[in-house]
Every structure is written in C-alpha cells, then in structure tokens.
$ cat my_file-v1.txt   # compact mmCIF, C-alpha atoms
# COMPACT_ATOMS: atom_id res chain seq x y z
CA MET X 1 109.92 145.45 15.40
CA HIS X 2 109.78 149.00 16.80
CA GLN X 3 108.96 150.64 13.47
CA GLY X 4 106.41 147.97 12.57
CA LEU X 5 104.62 148.55 15.86
CA LEU X 6 104.64 152.32 15.41
CA ALA X 7 103.15 151.95 11.92
CA LYS X 8 100.55 149.58 13.45
CA GLU X 9 101.57 146.91 10.98
CA LYS X 10 102.28 144.80 14.08
CA LYS X 11 100.53 144.60 17.46
CA ILE X 12 101.52 144.37 21.11
CA SER X 13 99.83 141.84 23.38
CA VAL X 14 99.70 142.12 27.16
CA ILE X 15 98.98 138.85 28.95
CA GLY X 16 97.54 139.36 32.43
CA LEU X 17 95.47 142.49 33.04
CA GLY X 18 95.80 143.09 36.77
CA TYR X 19 97.48 145.92 38.67
CA VAL X 20 100.51 145.70 36.39
CA GLY X 21 99.20 144.61 33.02
CA LEU X 22 96.14 146.83 32.59
CA PRO X 23 97.83 150.23 33.17
CA LEU X 24 100.69 149.16 30.89
CA ALA X 25 98.33 147.90 28.17
CA LEU X 26 96.39 151.18 28.21
CA GLU X 27 99.63 153.17 28.11
CA PHE X 28 100.84 151.17 25.10
CA ALA X 29 97.42 151.65 23.46
CA LYS X 30 98.06 155.40 23.23
CA LYS X 31 100.76 154.76 20.59
CA PHE X 32 100.33 151.16 19.44
CA SER X 33 97.63 148.66 18.55
CA VAL X 34 97.20 146.38 21.58
CA VAL X 35 95.59 143.04 22.40
CA GLY X 36 94.84 142.83 26.13
CA PHE X 37 94.42 139.22 27.25
CA ASP X 38 93.23 137.81 30.56
CA ILE X 39 91.94 134.32 31.40
CA ASN X 40 89.19 135.78 33.62
CA GLU X 41 86.23 136.44 31.31
CA GLN X 42 84.35 138.42 33.94
CA ARG X 43 87.29 140.84 34.32
CA VAL X 44 87.56 141.14 30.53
CA GLU X 45 83.89 142.11 30.27
CA MET X 46 84.40 144.80 32.91
CA MET X 47 87.35 146.23 30.98
CA LYS X 48 85.35 146.21 27.74
CA ASN X 49 82.90 148.46 29.58
CA GLY X 50 85.65 150.81 30.71
CA GLU X 51 85.85 149.52 34.27
CA ASP X 52 89.05 148.56 36.09
CA PRO X 53 88.40 145.42 38.19
CA SER X 54 91.25 146.50 40.51
CA LYS X 55 89.58 149.90 41.10
CA GLU X 56 92.84 151.73 40.39
CA LEU X 57 91.94 153.48 37.11
CA GLU X 58 89.06 155.80 36.24
CA SER X 59 86.84 155.12 33.22
CA GLU X 60 88.57 157.96 31.30
CA ALA X 61 91.75 155.85 31.19
CA PHE X 62 90.00 153.53 28.71
CA GLU X 63 88.91 156.25 26.30
CA ASP X 64 90.47 156.68 22.83
CA LYS X 65 92.75 153.65 23.22
CA ASP X 66 93.57 151.21 20.39
CA ILE X 67 93.00 148.05 22.42
CA LEU X 68 91.10 144.78 22.10
CA PHE X 69 90.21 143.14 25.42
CA THR X 70 89.84 139.39 25.12
CA ALA X 71 89.83 136.08 26.97
CA ASN X 72 90.37 134.14 23.72
CA PRO X 73 94.03 133.08 23.33
CA ASP X 74 93.58 132.84 19.55
CA ASP X 75 93.44 136.64 19.45
CA LEU X 76 97.07 136.70 20.58
CA LYS X 77 98.07 135.44 17.11
CA GLN X 78 97.56 138.99 15.86
CA ALA X 79 100.42 140.25 18.02
CA HIS X 80 104.21 140.18 17.55
CA PHE X 81 105.47 141.79 20.77
CA HIS X 82 104.12 139.90 23.79
CA VAL X 83 104.33 141.26 27.35
CA VAL X 84 103.66 138.79 30.17
CA ALA X 85 102.44 140.47 33.36
CA VAL X 86 100.83 137.69 35.40
CA PRO X 87 101.08 137.33 39.21
CA THR X 88 103.96 135.44 40.81
CA PRO X 89 102.67 134.56 44.29
CA ILE X 90 103.95 132.13 46.91
CA ASP X 91 102.28 128.97 48.16
CA GLY X 92 101.34 128.00 51.72
CA HIS X 93 104.95 126.99 52.40
CA ASN X 94 106.38 130.31 51.14
CA ASN X 95 107.73 128.70 47.99
CA PRO X 96 107.38 130.40 44.58
CA ASN X 97 104.16 129.52 42.78
CA LEU X 98 105.10 129.71 39.11
CA ARG X 99 101.90 128.18 37.75
CA PRO X 100 100.46 131.47 36.40
CA LEU X 101 103.82 132.35 34.81
CA LEU X 102 104.42 128.94 33.24
CA GLY X 103 100.78 128.78 32.12
CA ALA X 104 101.13 132.15 30.42
CA SER X 105 104.34 130.94 28.76
CA LYS X 106 102.43 127.94 27.34
CA THR X 107 99.71 130.24 26.05
CA VAL X 108 102.22 132.52 24.33
CA GLY X 109 104.32 129.60 23.07
CA ALA X 110 101.28 128.13 21.33
CA ILE X 111 100.84 131.25 19.15
CA LEU X 112 104.50 132.31 18.84
CA LYS X 113 105.72 133.17 15.32
CA LYS X 114 109.14 133.69 13.81
CA GLY X 115 110.40 137.17 14.59
CA ASP X 116 108.21 137.60 17.69
CA TYR X 117 109.38 139.08 20.99
CA VAL X 118 108.33 137.93 24.48
CA ILE X 119 108.97 140.27 27.40
CA TYR X 120 108.34 139.21 31.00
CA GLU X 121 107.38 141.74 33.67
CA SER X 122 106.46 139.37 36.51
CA THR X 123 108.78 139.39 39.54
CA VAL X 124 110.91 136.22 39.58
CA TYR X 125 114.23 134.91 40.87
CA PRO X 126 117.33 135.46 38.71
CA GLY X 127 117.43 132.89 35.92
CA CYS X 128 113.72 132.14 35.83
CA THR X 129 113.05 133.74 32.44
CA GLU X 130 115.77 131.85 30.58
CA GLU X 131 115.75 128.61 32.60
CA ASP X 132 112.02 128.08 33.24
CA CYS X 133 110.07 130.13 30.69
CA VAL X 134 112.14 129.98 27.50
CA PRO X 135 112.15 126.13 27.30
CA ILE X 136 108.32 126.21 27.41
CA LEU X 137 108.22 128.82 24.63
CA GLU X 138 110.52 126.62 22.52
CA GLU X 139 108.59 123.42 23.21
CA GLU X 140 105.15 124.89 22.53
CA SER X 141 106.18 126.80 19.40
CA GLY X 142 108.78 124.49 17.87
CA LEU X 143 110.94 127.58 17.39
CA LYS X 144 114.52 128.22 18.48
CA PHE X 145 115.33 130.87 21.10
CA ASN X 146 117.37 133.84 19.81
CA ARG X 147 117.25 132.47 16.26
CA ASP X 148 113.48 132.51 15.66
CA PHE X 149 112.26 134.65 18.56
CA LYS X 150 113.76 137.04 21.11
CA VAL X 151 113.08 137.41 24.83
CA GLY X 152 113.43 140.25 27.29
CA TYR X 153 112.75 141.07 30.92
CA SER X 154 111.47 144.44 32.17
CA PRO X 155 110.45 144.39 35.84
CA GLU X 156 107.28 146.21 36.85
CA ARG X 157 107.46 148.98 39.42
CA ILE X 158 103.77 149.75 39.85
CA ASN X 159 102.83 151.15 43.26
CA PRO X 160 99.10 150.43 43.92
CA GLY X 161 97.18 153.46 45.14
CA ASP X 162 99.92 155.87 44.02
CA LYS X 163 98.42 158.46 41.66
CA GLU X 164 101.75 160.26 41.23
CA HIS X 165 104.14 157.43 40.29
CA THR X 166 102.12 155.99 37.41
CA VAL X 167 103.46 153.67 34.68
CA ALA X 168 104.81 156.37 32.38
CA LYS X 169 106.43 158.29 35.23
CA ILE X 170 108.52 155.41 36.64
CA LEU X 171 112.03 154.81 35.27
CA LYS X 172 111.90 151.52 33.36
CA ILE X 173 114.57 148.82 33.52
CA VAL X 174 114.74 146.79 30.31
CA SER X 175 116.88 143.85 29.23
CA GLY X 176 117.14 141.61 26.19
CA SER X 177 118.47 138.22 25.19
CA ASP X 178 120.99 139.88 22.83
CA ASP X 179 122.12 143.39 21.84
CA GLU X 180 119.55 143.73 19.06
CA SER X 181 116.62 142.75 21.26
CA LEU X 182 117.77 145.09 24.03
CA GLU X 183 117.67 148.07 21.63
CA GLU X 184 114.31 147.10 20.16
CA ILE X 185 112.70 146.55 23.57
CA ALA X 186 114.15 149.81 24.89
CA ASN X 187 112.77 151.69 21.86
CA VAL X 188 109.28 150.22 22.25
CA TYR X 189 109.02 151.01 25.96
CA GLY X 190 110.67 154.37 25.34
CA GLU X 191 107.65 155.45 23.27
CA VAL X 192 105.40 155.44 26.37
CA ILE X 193 107.73 155.75 29.39
CA THR X 194 108.47 159.43 29.90
CA ALA X 195 110.67 158.89 33.00
CA GLY X 196 113.40 157.22 30.95
CA ILE X 197 114.82 153.77 30.17
CA TYR X 198 117.66 151.97 31.95
CA LYS X 199 119.30 149.21 29.90
CA ALA X 200 120.37 146.41 32.24
CA ASN X 201 123.39 144.26 31.50
CA GLY X 202 121.47 141.06 30.84
CA ILE X 203 118.17 139.44 31.78
CA LYS X 204 119.44 137.95 35.05
CA VAL X 205 120.69 141.36 36.17
CA ALA X 206 117.25 142.87 35.57
CA GLU X 207 115.55 140.00 37.40
CA ALA X 208 117.93 140.36 40.34
CA ALA X 209 117.52 144.14 40.46
CA LYS X 210 113.76 143.82 40.82
CA VAL X 211 113.81 141.16 43.50
CA ILE X 212 116.32 143.05 45.68
CA GLU X 213 114.37 146.34 45.47
CA ASN X 214 111.57 144.88 47.55
CA THR X 215 113.89 142.70 49.65
CA GLN X 216 115.81 145.79 50.75
CA ARG X 217 112.58 147.50 51.80
CA ASP X 218 111.46 144.34 53.61
CA LEU X 219 114.69 144.28 55.63
CA ASN X 220 114.51 147.96 56.54
CA ILE X 221 110.96 147.55 57.84
CA ALA X 222 111.98 144.36 59.69
CA PHE X 223 114.64 146.36 61.54
CA MET X 224 112.01 148.92 62.54
CA ASN X 225 109.67 146.15 63.68
CA GLU X 226 112.38 144.58 65.80
CA LEU X 227 113.13 147.96 67.36
CA SER X 228 109.42 148.44 68.13
CA VAL X 229 109.35 145.11 69.99
CA ILE X 230 112.48 146.04 71.98
CA PHE X 231 111.35 149.57 72.82
CA ASP X 232 107.89 148.35 73.79
CA LYS X 233 109.53 146.18 76.44
CA MET X 234 111.45 149.24 77.61
CA ASN X 235 108.27 151.33 77.69
CA ILE X 236 109.76 153.73 75.11
CA ASP X 237 107.68 155.15 72.25
CA THR X 238 109.29 153.89 69.03
CA LYS X 239 107.92 156.69 66.85
CA SER X 240 109.46 159.31 69.16
CA VAL X 241 112.81 157.49 68.96
CA LEU X 242 112.68 157.38 65.16
CA GLU X 243 111.78 161.06 64.94
CA ALA X 244 114.76 161.94 67.12
CA ALA X 245 117.15 159.69 65.17
CA GLY X 246 115.70 161.02 61.92
CA THR X 247 117.24 164.43 62.57
CA LYS X 248 120.57 163.00 61.40
CA TRP X 249 121.07 163.66 57.66
CA ASN X 250 121.83 160.06 56.68
CA PHE X 251 119.35 158.19 58.89
CA LEU X 252 116.98 156.13 56.73
CA LYS X 253 113.38 156.98 57.59
CA PHE X 254 111.38 153.77 57.73
CA SER X 255 108.53 152.90 60.10
CA PRO X 256 107.38 149.67 61.78
CA GLY X 257 104.24 148.00 60.47
CA LEU X 258 102.53 144.99 58.96
CA VAL X 259 104.28 143.91 55.75
CA GLY X 260 101.80 142.30 53.37
CA GLY X 261 100.76 142.67 49.76
CA HIS X 262 101.98 140.91 46.65
CA CYS X 263 105.45 142.50 46.50
CA ILE X 264 107.42 143.24 49.67
CA GLY X 265 106.00 140.30 51.62
CA VAL X 266 106.48 137.90 48.69
CA ASP X 267 109.51 138.78 46.56
CA PRO X 268 112.19 137.95 49.17
CA TYR X 269 110.98 134.35 49.17
CA TYR X 270 111.84 134.10 45.46
CA LEU X 271 115.44 135.08 46.17
CA LEU X 272 115.52 132.74 49.19
CA HIS X 273 114.24 129.87 47.05
CA LYS X 274 116.89 130.26 44.35
CA SER X 275 119.67 130.80 46.87
CA LYS X 276 118.75 127.63 48.78
CA GLN X 277 118.73 125.68 45.51
CA LEU X 278 122.34 126.77 45.07
CA GLY X 279 123.26 125.56 48.56
CA TYR X 280 123.26 128.85 50.47
CA THR X 281 120.67 129.85 53.07
CA PRO X 282 120.63 133.67 53.41
CA GLN X 283 120.75 134.74 57.05
CA ILE X 284 119.65 138.38 56.91
CA ILE X 285 116.83 137.89 54.41
CA THR X 286 115.49 134.90 56.36
CA SER X 287 115.59 136.82 59.64
CA GLY X 288 113.85 139.83 58.14
CA ARG X 289 111.04 137.70 56.76
CA LYS X 290 110.64 135.91 60.10
CA ILE X 291 110.37 139.18 62.02
CA ASN X 292 107.82 140.68 59.65
CA ASP X 293 105.72 137.52 59.46
CA GLU X 294 105.58 137.34 63.26
CA MET X 295 104.26 140.88 63.77
CA PRO X 296 100.54 139.92 63.70
CA ALA X 297 101.17 137.46 66.56
CA HIS X 298 103.15 140.11 68.48
CA ILE X 299 100.34 142.68 68.17
CA SER X 300 97.70 140.12 69.12
CA LYS X 301 99.63 139.03 72.21
CA ARG X 302 100.13 142.66 73.26
CA LEU X 303 96.40 143.35 73.05
CA VAL X 304 95.56 140.25 75.07
CA GLN X 305 98.03 141.34 77.75
CA LEU X 306 96.38 144.77 77.98
CA LEU X 307 92.89 143.27 78.10
CA ILE X 308 93.91 141.07 81.01
CA GLN X 309 95.60 144.01 82.78
CA ARG X 310 92.29 145.89 82.53
CA GLY X 311 90.51 142.95 84.14
CA LYS X 312 88.92 141.82 80.89
CA ASN X 313 88.65 138.19 79.84
CA PRO X 314 89.79 137.91 76.20
CA GLY X 315 87.17 135.23 75.60
CA ASP X 316 84.44 137.68 76.60
CA SER X 317 85.95 140.65 74.75
CA LYS X 318 84.78 142.31 71.55
CA VAL X 319 87.37 144.03 69.34
CA LEU X 320 86.94 146.18 66.23
CA VAL X 321 89.62 146.00 63.51
CA MET X 322 89.50 148.86 61.01
CA GLY X 323 91.10 148.16 57.65
CA ILE X 324 92.14 144.88 56.02
CA THR X 325 93.59 145.87 52.62
CA PHE X 326 97.36 145.43 52.40
CA LYS X 327 97.93 149.22 52.27
CA GLU X 328 95.99 152.45 52.51
CA ASN X 329 93.42 153.62 49.95
CA VAL X 330 93.51 150.49 47.76
CA ALA X 331 91.10 147.59 47.32
CA ASP X 332 93.84 144.94 47.13
CA ILE X 333 93.61 142.35 49.93
CA ARG X 334 96.25 139.91 48.66
CA ASN X 335 98.57 138.64 51.40
CA SER X 336 96.99 140.96 53.97
CA LYS X 337 98.75 140.68 57.32
CA VAL X 338 95.69 142.27 58.94
CA ALA X 339 93.85 139.05 58.10
CA ASP X 340 96.58 137.18 59.96
CA LEU X 341 96.13 139.56 62.90
CA VAL X 342 92.36 138.93 62.97
CA LYS X 343 92.92 135.18 62.98
CA GLU X 344 95.51 135.49 65.76
CA LEU X 345 92.96 137.39 67.87
CA MET X 346 90.32 134.77 67.13
CA GLN X 347 92.71 132.11 68.46
CA PHE X 348 92.16 133.76 71.87
CA SER X 349 88.38 133.42 71.38
CA ILE X 350 88.07 137.19 70.99
CA ASN X 351 84.95 138.31 69.13
CA VAL X 352 86.41 140.31 66.22
CA HIS X 353 84.45 142.74 64.04
CA LEU X 354 86.03 143.86 60.78
CA VAL X 355 85.34 146.96 58.64
CA ASP X 356 87.03 148.48 55.58
CA PRO X 357 85.60 151.08 53.16
CA HIS X 358 87.75 149.85 50.26
CA ALA X 359 87.64 146.04 50.51
CA SER X 360 85.07 143.80 48.85
CA PRO X 361 83.02 141.67 51.32
CA ASN X 362 82.88 138.86 48.74
CA GLU X 363 86.64 138.86 48.24
CA ILE X 364 87.25 138.88 52.01
CA ALA X 365 84.89 135.94 52.46
CA HIS X 366 86.43 134.00 49.56
CA GLU X 367 90.09 134.71 50.36
CA TYR X 368 90.09 134.63 54.16
CA ARG X 369 86.70 133.24 55.22
CA LEU X 370 86.13 136.37 57.25
CA THR X 371 83.02 138.58 57.40
CA LEU X 372 83.26 142.27 56.58
CA MET X 373 80.68 144.43 58.35
CA ASP X 374 79.00 147.44 56.72
CA LYS X 375 79.75 149.65 59.73
CA PRO X 376 81.04 149.31 63.30
CA ALA X 377 78.73 148.38 66.18
CA ASN X 378 79.53 149.66 69.70
CA ASP X 379 80.52 148.51 73.19
CA TYR X 380 83.97 147.40 71.99
CA ASP X 381 86.66 146.55 74.52
CA ALA X 382 89.30 147.62 72.03
CA VAL X 383 89.64 149.23 68.60
CA ILE X 384 92.56 148.57 66.25
CA VAL X 385 93.14 150.97 63.36
CA ALA X 386 95.25 148.74 61.12
CA VAL X 387 95.32 150.62 57.80
CA ALA X 388 95.81 154.36 57.25
CA HIS X 389 92.86 154.92 54.91
CA ASP X 390 92.03 158.58 54.32
CA GLU X 391 88.57 157.90 55.75
CA TYR X 392 90.18 156.99 59.08
CA LYS X 393 92.61 159.91 59.26
CA VAL X 394 89.78 162.41 59.74
CA LEU X 395 88.32 160.58 62.75
CA ASP X 396 89.01 161.84 66.28
CA MET X 397 89.29 160.24 69.71
CA ASP X 398 85.72 161.17 70.60
CA TYR X 399 84.54 159.02 67.72
CA PHE X 400 86.59 156.02 68.84
CA LYS X 401 85.52 156.47 72.46
CA SER X 402 81.89 156.42 71.33
CA LEU X 403 82.47 152.91 69.96
CA MET X 404 84.00 151.56 73.17
CA ASN X 405 82.93 150.67 76.68
CA GLY X 406 84.69 151.42 80.00
CA GLN X 407 88.52 151.30 80.10
CA PRO X 408 88.87 151.43 76.31
CA ILE X 409 92.03 150.22 74.56
CA PHE X 410 93.07 151.87 71.31
CA PHE X 411 95.71 150.39 68.96
CA ASP X 412 97.05 152.82 66.34
CA LEU X 413 99.22 150.54 64.19
CA LYS X 414 100.11 153.25 61.67
CA GLY X 415 100.77 156.03 64.22
CA ILE X 416 98.07 158.27 62.73
CA TYR X 417 96.67 159.90 65.85
CA GLU X 418 99.35 162.06 67.44
CA ASN X 419 97.31 163.41 70.35
CA ALA X 420 95.64 160.16 71.30
CA ALA X 421 98.14 159.22 74.03
CA ALA X 422 97.18 162.26 76.08
CA ASN X 423 93.48 161.36 75.97
CA ASN X 424 92.25 160.68 79.50
CA GLY X 425 90.71 157.30 80.11
CA LEU X 426 92.08 155.78 76.92
CA THR X 427 94.84 153.17 76.83
CA TYR X 428 96.80 154.04 73.70
CA TRP X 429 99.35 151.75 71.99
CA ARG X 430 101.23 151.91 68.71
CA LEU X 431 104.12 150.08 67.09
$ encode --input "my_file-v1.txt" --output "structure tokens"
Amino acid sequence: MHQGLLAKEKKISVIGLGYVGLPLALEFAKKFSVVGFDINEQRVEMMKNGEDPSKELESEAFEDKDILFTANPDDLKQAHFHVVAVPTPIDGHNNPNLRPLLGASKTVGAILKKGDYVIYESTVYPGCTEEDCVPILEEESGLKFNRDFKVGYSPERINPGDKEHTVAKILKIVSGSDDESLEEIANVYGEVITAGIYKANGIKVAEAAKVIENTQRDLNIAFMNELSVIFDKMNIDTKSVLEAAGTKWNFLKFSPGLVGGHCIGVDPYYLLHKSKQLGYTPQIITSGRKINDEMPAHISKRLVQLLIQRGKNPGDSKVLVMGITFKENVADIRNSKVADLVKELMQFSINVHLVDPHASPNEIAHEYRLTLMDKPANDYDAVIVAVAHDEYKVLDMDYFKSLMNGQPIFFDLKGIYENAAANNGLTYWRL
C-alpha cells in the first residue's frame, strides 16, 4: 500500500473536510494523490477556489497540491487508502451522535475494494471502530474484514487557531487491525508527519487514548471552576491564588473558564456513554462535566446579583457580551458555552447585545437563533468579555467605560485585564 501510494499508482481519500480533514488532506497532497470528499457541495466549491470554509488556512495552503475536491461519492472509487475525519458530536441529551460517522462508513463501504484500507480519525469511545463501523463496511461492500480489507484508527489532535502545532508538527498515534496494517498505516502517515509516529497497541487503545486526553483536560478545568466558585464566596481572587500556588514546581497550571467546542466539552460524554453501557457510572468524569456545564448559569447569576446590588433591575438592564466563538481567534462556534451564557441572561429578561469579530452572523442565527451586532452600542449596565480575542486584548478600561452608564459592571471571564480591578468607579469581576 505504502509504496503504491508513493508511486501514485494508488490514491488516498479523505472523507470529511472540516477542521481535521482539510489540513490532513492538503498535507497528504504534498506527497500523494488525494481525493478530498465532503457532502457539503458549497464547502467543496470554496475549497476548489482555494478557500478554507473554516477560515483556518490561507489560500497558499492549497497551492501545488495533488488533490481533487469533490462531493461525488463515486470519485472515492479511485482511492485505496480511505481516511474518515467526520464530526462526532453529541445530541441534546449528551449522548453520542454517530450519524455522521456511520453515514461515512456506508459511503466508504459502498466503494470499498479488496486490498483497501480504512482509517478513522474521528473521536469515539473505545470499541466503536470495530464494533460499530466495521460491520457497516462489511455489509455495504460484501467484503470480509482483515481478509479483504484492513482498518486502522489514528486520532486527530488538531488545535483550532494554533498556528504552531499544525498537522505535521503533532506526534501522531496510529493503530491497525493487525501487525501488517499497523506498519503500512505508520509508513503512510510517517511520510507527512514530521513530529513522529507512535504505534499504539491496538485500535481500542488508540481510541481510549484520544478520549482521555480531552477528558483529563476537562477535569482539570472543572477543578479550577469549582475553586473559582468557592473563592468567589470567600471574596478571594482565584487568579491570585493560582499564581501563588503555581510557584510550586509540580503544580498544574490550569485556569477556570467556559468549556465548549467540539472536543473537551464533548469527548468525555463518549467515554461516559460506553462506561454506562457496561454497567459503571463514572463519578469523577460525571462531576467534572456537571461543573463545567453549570458555569454559564453561575456567571449569569453572579451578574444579576451585582446588578441588583447596584440598584439596577435586571429586566431593565442592557448587557454587552463580547465574543461567542468557543475559543480565541477562531471562527468556530460549535458548542459555544457563551451562547448558553447569553441565553441564561435572557432568562432574567436582560437585554443582551452580542459582538464577535470572528463569528459569522448567519451561523450564529442558524445555530443559536441569536443576533450578532456589527459593533457595540452604548449605555450598557454591564460588559462581559467572554473570549480572549486579540482584538479585545488591546482595549483599555477607558474604552469599556465609554460603553457603559453610571456604576458600570465589568466581567473579565478570561482574566485579560490585570489593572482593571484598581479602576475607580468600575465593579470588576473575573472567574
């Protein structure tokens, strides 16, 4: 397989061209002949014109690449090494939504040939690849797993907005359904991943490794969030406490905050789901998720308390929220906890204005039924800086004061503005 791909006698297909699939497809296209497939024809047309729909890559990333962008599944027949990189979200009840993954498996199964490889990159619970996806590949193709085709799992580690840790510069975990496939898959990825390859001891191990990476981070942030709630009740500044504790060599430096996005706020639910199926309800993971999911309500309640203390009726108050993307300097709004915060504030009949230089007004309206303003108005009772965009970091307290009326309240959720607390006439609060 590896040599055939290098000689361009065989092709690689990448199914799903989002944050994960597109950078990987373009990286592969430096060395191999690639078919990039996505079901969204509008996105495909943008990529044909050298434009990243996710706004992560510059147009130069598309230049001099051996890649065919297509929304026609028949084009996948040309390929022999198929990489599935579709989203694995959760539903409204926090259960895994495998429809994109199983749909992609059907699409690949329908064109699968003897000798082909299928590698999954989507984050799943341990066992999903072999127990949920492989049977679909067999059924759709009429082929036999490990006799007629091989399967692997190589979890993605893309960090949206990170220009330093790009695809090639992130150590890659790979796994295969047998020893031969492991070596072949490792060799193929090794052609484009400069950071190195780690060969996992089996597909389930690789699946589990990915899902606990983000679960560990979720739990560490949950601990910080719980501390921020406790210290707020004690009238102690959490950031000052963490800076003091951080002087110890082995103290882990995490910060409180809203945990959204399509990874950290989602992946733990996949592990929870599988564990519950096996008759065990994880205590720590469940608690961590509960704490992080409740932070928007905590912040909203705290603001309402301060409004009332300042003699302001929440129902007559106007609040500006700055930033709604799930993290700084990206356009991605999936699973944004800022949207939850806005809706919590609206439950108190607060008039909320929302701005964000990176988010799409159409996507905000479609996903959350919220309106994104072009620019802030004025006469706000409170301003909440929710996302640490670079555009916000250069603003000063005089700017924020100019947006607010008497007895202004300023919420700095990311702890960006160090000197704000000393600003006379401004009520300053941070996690």
$ residues_around --input "my_file-v1.txt" --residues "Asn378 of chain X" --least-positions-apart "4" --cutoff "8 Å" --atoms "all atoms listed in the file" --output "short mmCIF file (atom, residue, chain, number, x, y, z; two decimals) with C-alpha atoms, in the frame of the given file"
data_model
loop_
_atom_site.label_atom_id
_atom_site.label_comp_id
_atom_site.auth_asym_id
_atom_site.auth_seq_id
_atom_site.Cartn_x
_atom_site.Cartn_y
_atom_site.Cartn_z
CA SER X 402 81.89 156.42 71.33
CA LEU X 403 82.47 152.91 69.96
CA MET X 404 84.00 151.56 73.17
CA ASN X 405 82.93 150.67 76.68
#
$ residues_around --input "my_file-v1.txt" --residues "Arg147 of chain X" --least-positions-apart "2" --cutoff "12 Å" --atoms "only C-alpha atoms" --output "JSON, numbers by chain"
{"X": [113, 114, 115, 116, 117, 138, 142, 143, 144, 145, 149, 150, 151, 177, 178, 180, 181]}
$ closest_residue --input "my_file-v1.txt" --among "X:Ile170, X:Leu272, X:Val124, X:Leu252" --to "Ile221 of chain X" --atoms "all atoms listed in the file"
X:Leu252
$ residues_around --input "my_file-v1.txt" --residues "Lys77 of chain X" --least-positions-apart "6" --cutoff "9 Å" --atoms "only C-alpha atoms" --output "list in words"
Val108, Ile111, Leu112 and Lys113 of chain X
$ residues_around --input "my_file-v1.txt" --residues "Val330 of chain X" --least-positions-apart "4" --cutoff "9 Å" --atoms "all atoms listed in the file" --output "number ranges by chain"
X: 54-56, 160-161, 325-326, 358-359, 389
$ write_last_selection --input "my_file-v1.txt" --atoms "C-alpha atoms" --output "CSV table (one decimal), keeping the file's coordinate frame"
chain,number,residue,atom,x,y,z
X,54,SER,CA,91.2,146.5,40.5
X,55,LYS,CA,89.6,149.9,41.1
X,56,GLU,CA,92.8,151.7,40.4
X,160,PRO,CA,99.1,150.4,43.9
X,161,GLY,CA,97.2,153.5,45.1
X,325,THR,CA,93.6,145.9,52.6
X,326,PHE,CA,97.4,145.4,52.4
X,358,HIS,CA,87.8,149.8,50.3
X,359,ALA,CA,87.6,146.0,50.5
X,389,HIS,CA,92.9,154.9,54.9
$ closest_residue --input "my_file-v1.txt" --among "X:Lys393, X:Lys48, X:His93, X:Arg289" --to "Asn329 of chain X" --atoms "all atoms listed in the file"
X:Lys393
$ residues_around --input "my_file-v1.txt" --residues "segment 9-12 of chain X" --least-positions-apart "3" --cutoff "7 Å" --atoms "all atoms listed in the file" --output "list in words"
Gly4, Leu5, Phe32, Ser33, Val34, Val35, Gln78, Ala79, His80, Phe81 and His82 of chain X
$ atom_distance --input "my_file-v1.txt" --atom1 "atom CA of Lys8 of chain X" --atom2 "atom CA of Pro87 of chain X"
28.5 Å
$ closest_residue --input "my_file-v1.txt" --among "X:Thr247, X:Thr88, X:Gln347, X:Thr215" --to "Ile285 of chain X" --atoms "all atoms listed in the file"
X:Thr215
$ residues_near_point --input "my_file-v1.txt" --point "(105.6, 153.4, 32.1)" --cutoff "7 Å" --atoms "all atoms listed in the file" --output "count of residues only"
9
$ closest_residue --input "my_file-v1.txt" --among "X:Phe254, X:Pro155, X:Gly190, X:Pro135" --to "Ala209 of chain X" --atoms "only C-alpha atoms"
X:Pro155
$ atom_distance --input "my_file-v1.txt" --atom1 "atom CA of Asp381 of chain X" --atom2 "atom CA of Val241 of chain X"
28.9 Å
$ closest_residue --input "my_file-v1.txt" --among "X:Gly425, X:Ile185, X:Met373, X:Ser59" --to "Asp398 of chain X" --atoms "only C-alpha atoms"
X:Gly425
$ axis_aligned_box --input "my_file-v1.txt" --around "segment 115-130 of chain X" --padding-each-side "4 Å" --output "JSON"
{"center_x": 111.9, "center_y": 136.8, "center_z": 27.7, "size_x": 19.0, "size_y": 17.9, "size_z": 34.3}
$ closest_residue --input "my_file-v1.txt" --among "X:Leu76, X:Asp38, X:Glu226, X:Val188" --to "Leu6 of chain X" --atoms "all atoms listed in the file"
X:Val188
$ residues_near_point --input "my_file-v1.txt" --point "(100.5, 140.8, 30.8)" --cutoff "6 Å" --atoms "only C-alpha atoms" --output "list in words"
Val14, Ile15, Gly16, Leu17, Gly21, Val83, Val84, Ala85 and Val86 of chain X
$ atom_distance --input "my_file-v1.txt" --atom1 "atom CA of Ser300 of chain X" --atom2 "atom CA of Pro89 of chain X"
25.9 Å
